[in-house]
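**Q** Here it is, the structure, as structure tokens.
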Amino acid sequence: MARIVTVAAAQLGAIQKADSRQVVVARMLDLMAEAKSKGADFIVYPELALTTFFPRWYAEDRAEADHWFEREMPSAATRPLFERAAQYGMAMSFGYAELTPEGRHFNTSILVDRSGAIVGKYRKVHLPGHAEFEAQRAHQHLEKRYFEPGDLGFPVWHFLGGIFGMCICNDRRWPETFRVMGLQGVEMVTLGFNTPSANALVSGEPTAKRIFHHKLSLQAGGYQNSTWVVAVAKAGVEDGHPLFGCSIIVDPEGEVVAESRTEDDELLVHACDLDATHFGKQEMFNFAKHRRIEHYGLITSRTGVILPSE
Ligand code: CDT
């Protein structure tokens with residue numbers, strides 16, 4: 001029997017600084033109701049779905065940013081999402097800023113099963129940007145100030161009859177992200193993103209080029225690991241700062257099968273056949289047959305570039 005998972009990529013438009021969690025959750029519930037009416041098994045929301053993309057704002061005292069973080073999940077504000085998803089029998093994933101009881105800060109996403117139970121957690125590994133205010137930038141990107149790198153690796157889970165994994169935004173640009181999950185047989189990778197439409201350091205870089213790099217990364221990751229990829233934007237203009245949309249669903253051959261058209265709240269729904277991952281995994285990207293790990297040592301032993309001696 002075919003293993004079809006009907007996925008809803010629930011793009012969110014802009015969330016302003018002044019918008020409360022309750023306002024955002026109401027928007028997320030509207031998208032969930034639409035997903036239910038379209039037969040979705042699984043709804044995926046963006047990175048840091050509950051708030052504005054706060055790492056663009058510098059706070060000298062980093063604790064001033066703690067109000068953007070969730071100390072528990074579900075929280076009072078997010079409980080309606082869990083309850084409604086369970087009522088619909090719909091699985092769910094979304095991103096949020098996590099503040100642990102030990103006082104650690106992570107950029108996190110969770111996997112929630114059809115009964116509303118959290119069954120998986122991922123903490124963003126590749127944090128982009130910088131830790132201090134940088135005046136030469138057109139806008140700040142302070143993820144390295146507000147988060148520590150994820151400590152959970154890239155796990156995958158048996159979920160909805162397949163093998164599922166998560167990553168978050170900048171992780172998609174790193175082939176290691178997909179390959180580590182590929183080596184665990186991943187069949188669907190979900191991720192949320194908040195990507196500025198403008199390059200903070202290169203004035204005039206076209207948004208189209210930034211979207212090209214976004215798609216290039218996702219399509220390569222999907223193809224080279226023969227996995228579905230569901231990438232969901234937070235988009236639109238947040239307090240004057242534009243984020244591009246372009247939520248996409250990529251099939252295991254690297255082709256885009258669904259793409260958002262707006263920078264607003266928008267739902268993409270696609271029936272994904274997990275068995276479509278088999279051919280690539282058994283042939284071109286049959287890792288056991290073709291990989292030559294004796295030549296890959298530098299991937300894990302070296303971080304930056306060291307030029308060969310002359
Ligand atoms: N949220 C996130 O990871 N955004 C980054 C922007 C990088 S620019 C410093 C991204 O890779 O899209």
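Just remember, in the structure tokens the first chain shown is A, the second B, etc., residues are 1-based per chain, and ligands are 1-based in the order shown.
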Please report as a tab-separated table every residue of chain A lying within 10 Å of ligand 1, along with the nearest atom pair and their distance in Å (one decimal), using only C-alpha atoms and all ligand atoms.
**A**
```
residue	atom	partner	partner_atom_place_in_ligand_line	distance
A:Pro46	CA	ligand 1	1 (N)	10.0
A:Glu47	CA	ligand 1	1 (N)	7.3
A:Leu48	CA	ligand 1	1 (N)	8.6
A:Phe53	CA	ligand 1	1 (N)	7.9
A:Pro55	CA	ligand 1	1 (N)	8.6
A:Arg56	CA	ligand 1	9 (C)	9.8
A:Asn107	CA	ligand 1	1 (N)	9.4
A:Lys124	CA	ligand 1	3 (O)	8.8
A:His126	CA	ligand 1	3 (O)	7.8
A:Leu127	CA	ligand 1	3 (O)	6.4
A:Pro128	CA	ligand 1	9 (C)	5.1
A:Gly129	CA	ligand 1	9 (C)	4.3
A:His130	CA	ligand 1	9 (C)	7.9
A:Arg137	CA	ligand 1	9 (C)	10.0
A:His139	CA	ligand 1	9 (C)	9.3
A:Gln140	CA	ligand 1	9 (C)	8.1
A:His141	CA	ligand 1	9 (C)	5.5
A:Leu142	CA	ligand 1	9 (C)	8.3
A:Glu143	CA	ligand 1	1 (N)	7.8
A:Ile168	CA	ligand 1	3 (O)	6.9
A:Cys169	CA	ligand 1	3 (O)	4.4
A:Asn170	CA	ligand 1	11 (O)	3.4
A:Asp171	CA	ligand 1	11 (O)	7.1
A:Arg172	CA	ligand 1	11 (O)	7.4
A:Arg173	CA	ligand 1	11 (O)	6.7
A:Trp174	CA	ligand 1	11 (O)	9.6
A:Gly192	CA	ligand 1	1 (N)	8.5
A:Phe193	CA	ligand 1	1 (N)	5.5
A:Asn194	CA	ligand 1	1 (N)	4.5
A:Thr195	CA	ligand 1	12 (O)	4.0
A:Pro196	CA	ligand 1	6 (C)	6.3
A:Ser197	CA	ligand 1	12 (O)	9.3
A:Ala198	CA	ligand 1	8 (S)	8.8
A:Asn199	CA	ligand 1	8 (S)	6.9
A:Ala200	CA	ligand 1	8 (S)	7.3
A:Leu201	CA	ligand 1	9 (C)	9.0
A:Arg210	CA	ligand 1	12 (O)	8.6
A:Ile211	CA	ligand 1	12 (O)	9.6
A:His213	CA	ligand 1	12 (O)	9.4
A:His214	CA	ligand 1	12 (O)	7.5
A:Ala233	CA	ligand 1	12 (O)	9.8
A:Lys234	CA	ligand 1	1 (N)	9.5
A:Leu243	CA	ligand 1	12 (O)	9.3
A:Phe244	CA	ligand 1	12 (O)	9.5
```
**Q** Residues near region 296-301 of chain A, anyone? I mean within 9 Å using only C-alpha atoms, not counting same-chain ones fewer than 3 positions away, as a VMD selection string.
**A** chain A and resid 176 292 to 293
**Q** I'd like to know which residues of region 106-211 of chain A are helix (DSSP H, G or I) (by DSSP, run on the backbone); could you write them as a list in words?
**A**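 Matching residues for helix (DSSP H, G or I) in region 106-211 of chain A are Glu143, Lys144, Arg145, Tyr146, Cys169, Asn170, Asp171, Arg172, Arg173, Pro175, Glu176, Thr177, Phe178, Arg179, Val180, Met181, Gly182, Thr207, Ala208, Lys209, Arg210 and Ile211 of chain A.
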**Q** From the options A:Asp239, A:Glu83, A:Glu148, A:Glu266, which residue's atoms come nearest to Phe54 (chain A), counting only C-alpha atoms?
**A**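 Nearest candidate to Phe54 (chain A) out of A:Asp239, A:Glu83, A:Glu148, A:Glu266: A:Asp239.
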**Q** Can you list, as a list in words, every residue of region 98-158 of chain A that DSSP puts in strand (DSSP E)?
**A**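 Answer for region 98-158 of chain A, restricted to strand (DSSP E): Glu98, Leu99, His105, Phe106, Asn107, Thr108, Ser109, Ile110, Leu111, Val112, Ile118, Val119, Gly120, Lys121, Tyr122, Arg123, Val156, Trp157 and His158 of chain A.
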**Q** Show which residues sit within 12 Å of Ala35 (chain A), as a PDB file with N, CA, C and O atoms, in the first residue's frame. Count only C-alpha atoms, and ignore same-chain residues fewer than 3 positions away.
**A**
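The file below, result-v2.pdb, is the result:
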```pdb
ATOM      1  N   THR A   6      -0.233  13.583   3.294  1.00  0.00           N
ATOM      2  CA  THR A   6      -0.664  14.869   2.732  1.00  0.00           C
ATOM      3  C   THR A   6      -0.195  15.976   3.675  1.00  0.00           C
ATOM      4  O   THR A   6      -0.633  16.060   4.828  1.00  0.00           O
ATOM      5  N   VAL A   7       0.722  16.779   3.146  1.00  0.00           N
ATOM      6  CA  VAL A   7       1.398  17.787   3.967  1.00  0.00           C
ATOM      7  C   VAL A   7       0.849  19.172   3.645  1.00  0.00           C
ATOM      8  O   VAL A   7       0.632  19.506   2.477  1.00  0.00           O
ATOM      9  N   ALA A   8       0.665  19.964   4.681  1.00  0.00           N
ATOM     10  CA  ALA A   8       0.272  21.366   4.512  1.00  0.00           C
ATOM     11  C   ALA A   8       1.437  22.241   4.983  1.00  0.00           C
ATOM     12  O   ALA A   8       1.828  22.173   6.155  1.00  0.00           O
ATOM     13  N   ALA A   9       1.992  23.012   4.067  1.00  0.00           N
ATOM     14  CA  ALA A   9       3.035  23.985   4.425  1.00  0.00           C
ATOM     15  C   ALA A   9       2.315  25.293   4.738  1.00  0.00           C
ATOM     16  O   ALA A   9       1.737  25.915   3.853  1.00  0.00           O
ATOM     17  N   ALA A  10       2.331  25.681   6.008  1.00  0.00           N
ATOM     18  CA  ALA A  10       1.522  26.818   6.476  1.00  0.00           C
ATOM     19  C   ALA A  10       2.402  28.058   6.612  1.00  0.00           C
ATOM     20  O   ALA A  10       2.929  28.355   7.691  1.00  0.00           O
ATOM     21  N   GLN A  11       2.555  28.750   5.491  1.00  0.00           N
ATOM     22  CA  GLN A  11       3.361  29.979   5.504  1.00  0.00           C
ATOM     23  C   GLN A  11       2.653  31.045   6.334  1.00  0.00           C
ATOM     24  O   GLN A  11       1.435  31.200   6.253  1.00  0.00           O
ATOM     25  N   MET A  28      -2.628  30.863  13.056  1.00  0.00           N
ATOM     26  CA  MET A  28      -2.178  29.478  12.833  1.00  0.00           C
ATOM     27  C   MET A  28      -3.371  28.513  12.856  1.00  0.00           C
ATOM     28  O   MET A  28      -3.431  27.554  12.074  1.00  0.00           O
ATOM     29  N   LEU A  29      -4.338  28.789  13.725  1.00  0.00           N
ATOM     30  CA  LEU A  29      -5.529  27.927  13.795  1.00  0.00           C
ATOM     31  C   LEU A  29      -6.370  28.050  12.519  1.00  0.00           C
ATOM     32  O   LEU A  29      -6.942  27.066  12.043  1.00  0.00           O
ATOM     33  N   ASP A  30      -6.423  29.265  11.958  1.00  0.00           N
ATOM     34  CA  ASP A  30      -7.153  29.435  10.685  1.00  0.00           C
ATOM     35  C   ASP A  30      -6.509  28.591   9.585  1.00  0.00           C
ATOM     36  O   ASP A  30      -7.196  27.934   8.792  1.00  0.00           O
ATOM     37  N   LEU A  31      -5.175  28.617   9.537  1.00  0.00           N
ATOM     38  CA  LEU A  31      -4.473  27.810   8.525  1.00  0.00           C
ATOM     39  C   LEU A  31      -4.695  26.318   8.784  1.00  0.00           C
ATOM     40  O   LEU A  31      -4.845  25.523   7.844  1.00  0.00           O
ATOM     41  N   MET A  32      -4.747  25.944  10.064  1.00  0.00           N
ATOM     42  CA  MET A  32      -4.969  24.529  10.395  1.00  0.00           C
ATOM     43  C   MET A  32      -6.364  24.080   9.948  1.00  0.00           C
ATOM     44  O   MET A  32      -6.533  22.966   9.424  1.00  0.00           O
ATOM     45  N   LYS A  38      -8.686  20.517   3.516  1.00  0.00           N
ATOM     46  CA  LYS A  38      -8.002  20.021   2.311  1.00  0.00           C
ATOM     47  C   LYS A  38      -7.365  18.647   2.530  1.00  0.00           C
ATOM     48  O   LYS A  38      -6.579  18.194   1.711  1.00  0.00           O
ATOM     49  N   GLY A  39      -7.691  18.020   3.655  1.00  0.00           N
ATOM     50  CA  GLY A  39      -7.290  16.627   3.853  1.00  0.00           C
ATOM     51  C   GLY A  39      -5.879  16.428   4.359  1.00  0.00           C
ATOM     52  O   GLY A  39      -5.314  15.330   4.203  1.00  0.00           O
ATOM     53  N   ALA A  40      -5.286  17.456   4.981  1.00  0.00           N
ATOM     54  CA  ALA A  40      -3.887  17.316   5.416  1.00  0.00           C
ATOM     55  C   ALA A  40      -3.756  16.362   6.607  1.00  0.00           C
ATOM     56  O   ALA A  40      -4.577  16.364   7.521  1.00  0.00           O
ATOM     57  N   ASP A  41      -2.672  15.580   6.578  1.00  0.00           N
ATOM     58  CA  ASP A  41      -2.303  14.723   7.709  1.00  0.00           C
ATOM     59  C   ASP A  41      -1.353  15.445   8.648  1.00  0.00           C
ATOM     60  O   ASP A  41      -1.185  15.055   9.802  1.00  0.00           O
ATOM     61  N   PHE A  42      -0.654  16.450   8.099  1.00  0.00           N
ATOM     62  CA  PHE A  42       0.520  17.001   8.795  1.00  0.00           C
ATOM     63  C   PHE A  42       0.635  18.465   8.381  1.00  0.00           C
ATOM     64  O   PHE A  42       0.660  18.770   7.179  1.00  0.00           O
ATOM     65  N   ILE A  43       0.706  19.365   9.368  1.00  0.00           N
ATOM     66  CA  ILE A  43       0.851  20.791   9.063  1.00  0.00           C
ATOM     67  C   ILE A  43       2.203  21.279   9.598  1.00  0.00           C
ATOM     68  O   ILE A  43       2.584  20.954  10.728  1.00  0.00           O
ATOM     69  N   VAL A  44       2.891  22.039   8.770  1.00  0.00           N
ATOM     70  CA  VAL A  44       4.232  22.523   9.125  1.00  0.00           C
ATOM     71  C   VAL A  44       4.227  24.045   9.077  1.00  0.00           C
ATOM     72  O   VAL A  44       3.887  24.644   8.055  1.00  0.00           O
ATOM     73  N   TYR A  45       4.619  24.653  10.204  1.00  0.00           N
ATOM     74  CA  TYR A  45       4.692  26.118  10.318  1.00  0.00           C
ATOM     75  C   TYR A  45       6.161  26.551  10.322  1.00  0.00           C
ATOM     76  O   TYR A  45       7.070  25.733  10.470  1.00  0.00           O
ATOM     77  N   ARG A  84      -6.428  21.597  19.077  1.00  0.00           N
ATOM     78  CA  ARG A  84      -7.128  21.553  17.784  1.00  0.00           C
ATOM     79  C   ARG A  84      -6.517  20.497  16.874  1.00  0.00           C
ATOM     80  O   ARG A  84      -7.225  19.756  16.191  1.00  0.00           O
ATOM     81  N   ALA A  85      -5.175  20.417  16.869  1.00  0.00           N
ATOM     82  CA  ALA A  85      -4.506  19.421  16.021  1.00  0.00           C
ATOM     83  C   ALA A  85      -4.943  18.014  16.440  1.00  0.00           C
ATOM     84  O   ALA A  85      -5.233  17.159  15.588  1.00  0.00           O
ATOM     85  N   TYR A  88      -8.394  17.307  15.267  1.00  0.00           N
ATOM     86  CA  TYR A  88      -8.395  17.011  13.822  1.00  0.00           C
ATOM     87  C   TYR A  88      -7.657  15.709  13.499  1.00  0.00           C
ATOM     88  O   TYR A  88      -7.699  15.243  12.368  1.00  0.00           O
ATOM     89  N   GLY A  89      -6.898  15.191  14.473  1.00  0.00           N
ATOM     90  CA  GLY A  89      -6.051  14.030  14.183  1.00  0.00           C
ATOM     91  C   GLY A  89      -4.929  14.383  13.222  1.00  0.00           C
ATOM     92  O   GLY A  89      -4.477  13.553  12.427  1.00  0.00           O
ATOM     93  N   MET A  90      -4.454  15.615  13.335  1.00  0.00           N
ATOM     94  CA  MET A  90      -3.429  16.114  12.407  1.00  0.00           C
ATOM     95  C   MET A  90      -2.096  16.259  13.145  1.00  0.00           C
ATOM     96  O   MET A  90      -2.046  16.815  14.248  1.00  0.00           O
ATOM     97  N   ALA A  91      -1.039  15.748  12.541  1.00  0.00           N
ATOM     98  CA  ALA A  91       0.295  15.956  13.103  1.00  0.00           C
ATOM     99  C   ALA A  91       0.743  17.389  12.793  1.00  0.00           C
ATOM    100  O   ALA A  91       0.175  18.059  11.907  1.00  0.00           O
ATOM    101  N   MET A  92       1.778  17.845  13.495  1.00  0.00           N
ATOM    102  CA  MET A  92       2.130  19.271  13.395  1.00  0.00           C
ATOM    103  C   MET A  92       3.603  19.466  13.705  1.00  0.00           C
ATOM    104  O   MET A  92       4.210  18.697  14.477  1.00  0.00           O
ATOM    105  N   GLU A 266      -0.478  31.735   3.933  1.00  0.00           N
ATOM    106  CA  GLU A 266      -0.831  30.990   2.705  1.00  0.00           C
ATOM    107  C   GLU A 266      -0.555  29.517   2.937  1.00  0.00           C
ATOM    108  O   GLU A 266       0.456  29.169   3.556  1.00  0.00           O
ATOM    109  N   LEU A 267      -1.440  28.671   2.439  1.00  0.00           N
ATOM    110  CA  LEU A 267      -1.291  27.230   2.650  1.00  0.00           C
ATOM    111  C   LEU A 267      -0.972  26.518   1.337  1.00  0.00           C
ATOM    112  O   LEU A 267      -1.633  26.762   0.321  1.00  0.00           O
ATOM    113  N   LEU A 268       0.044  25.659   1.370  1.00  0.00           N
ATOM    114  CA  LEU A 268       0.343  24.758   0.242  1.00  0.00           C
ATOM    115  C   LEU A 268       0.005  23.359   0.713  1.00  0.00           C
ATOM    116  O   LEU A 268       0.433  22.977   1.810  1.00  0.00           O
ATOM    117  N   VAL A 269      -0.700  22.605  -0.102  1.00  0.00           N
ATOM    118  CA  VAL A 269      -1.016  21.228   0.291  1.00  0.00           C
ATOM    119  C   VAL A 269      -0.553  20.297  -0.824  1.00  0.00           C
ATOM    120  O   VAL A 269      -0.801  20.548  -2.005  1.00  0.00           O
ATOM    121  N   HIS A 270       0.128  19.236  -0.434  1.00  0.00           N
ATOM    122  CA  HIS A 270       0.597  18.276  -1.438  1.00  0.00           C
ATOM    123  C   HIS A 270       0.583  16.874  -0.840  1.00  0.00           C
ATOM    124  O   HIS A 270       0.997  16.672   0.301  1.00  0.00           O
TER     125      HIS A 270
END
```
**Q** Name the closest residue to Glu134 (chain A) among the candidates A:Glu205, A:Tyr58, A:Leu81, A:Ala76; distances are taken between atoms, counting only C-alpha atoms.
**A** A:Tyr58
**Q** How many Å lie between CA of Glu259 (chain A) and CA of Leu12 (chain A), rounded to one decimal?
**A** 13.7 Å
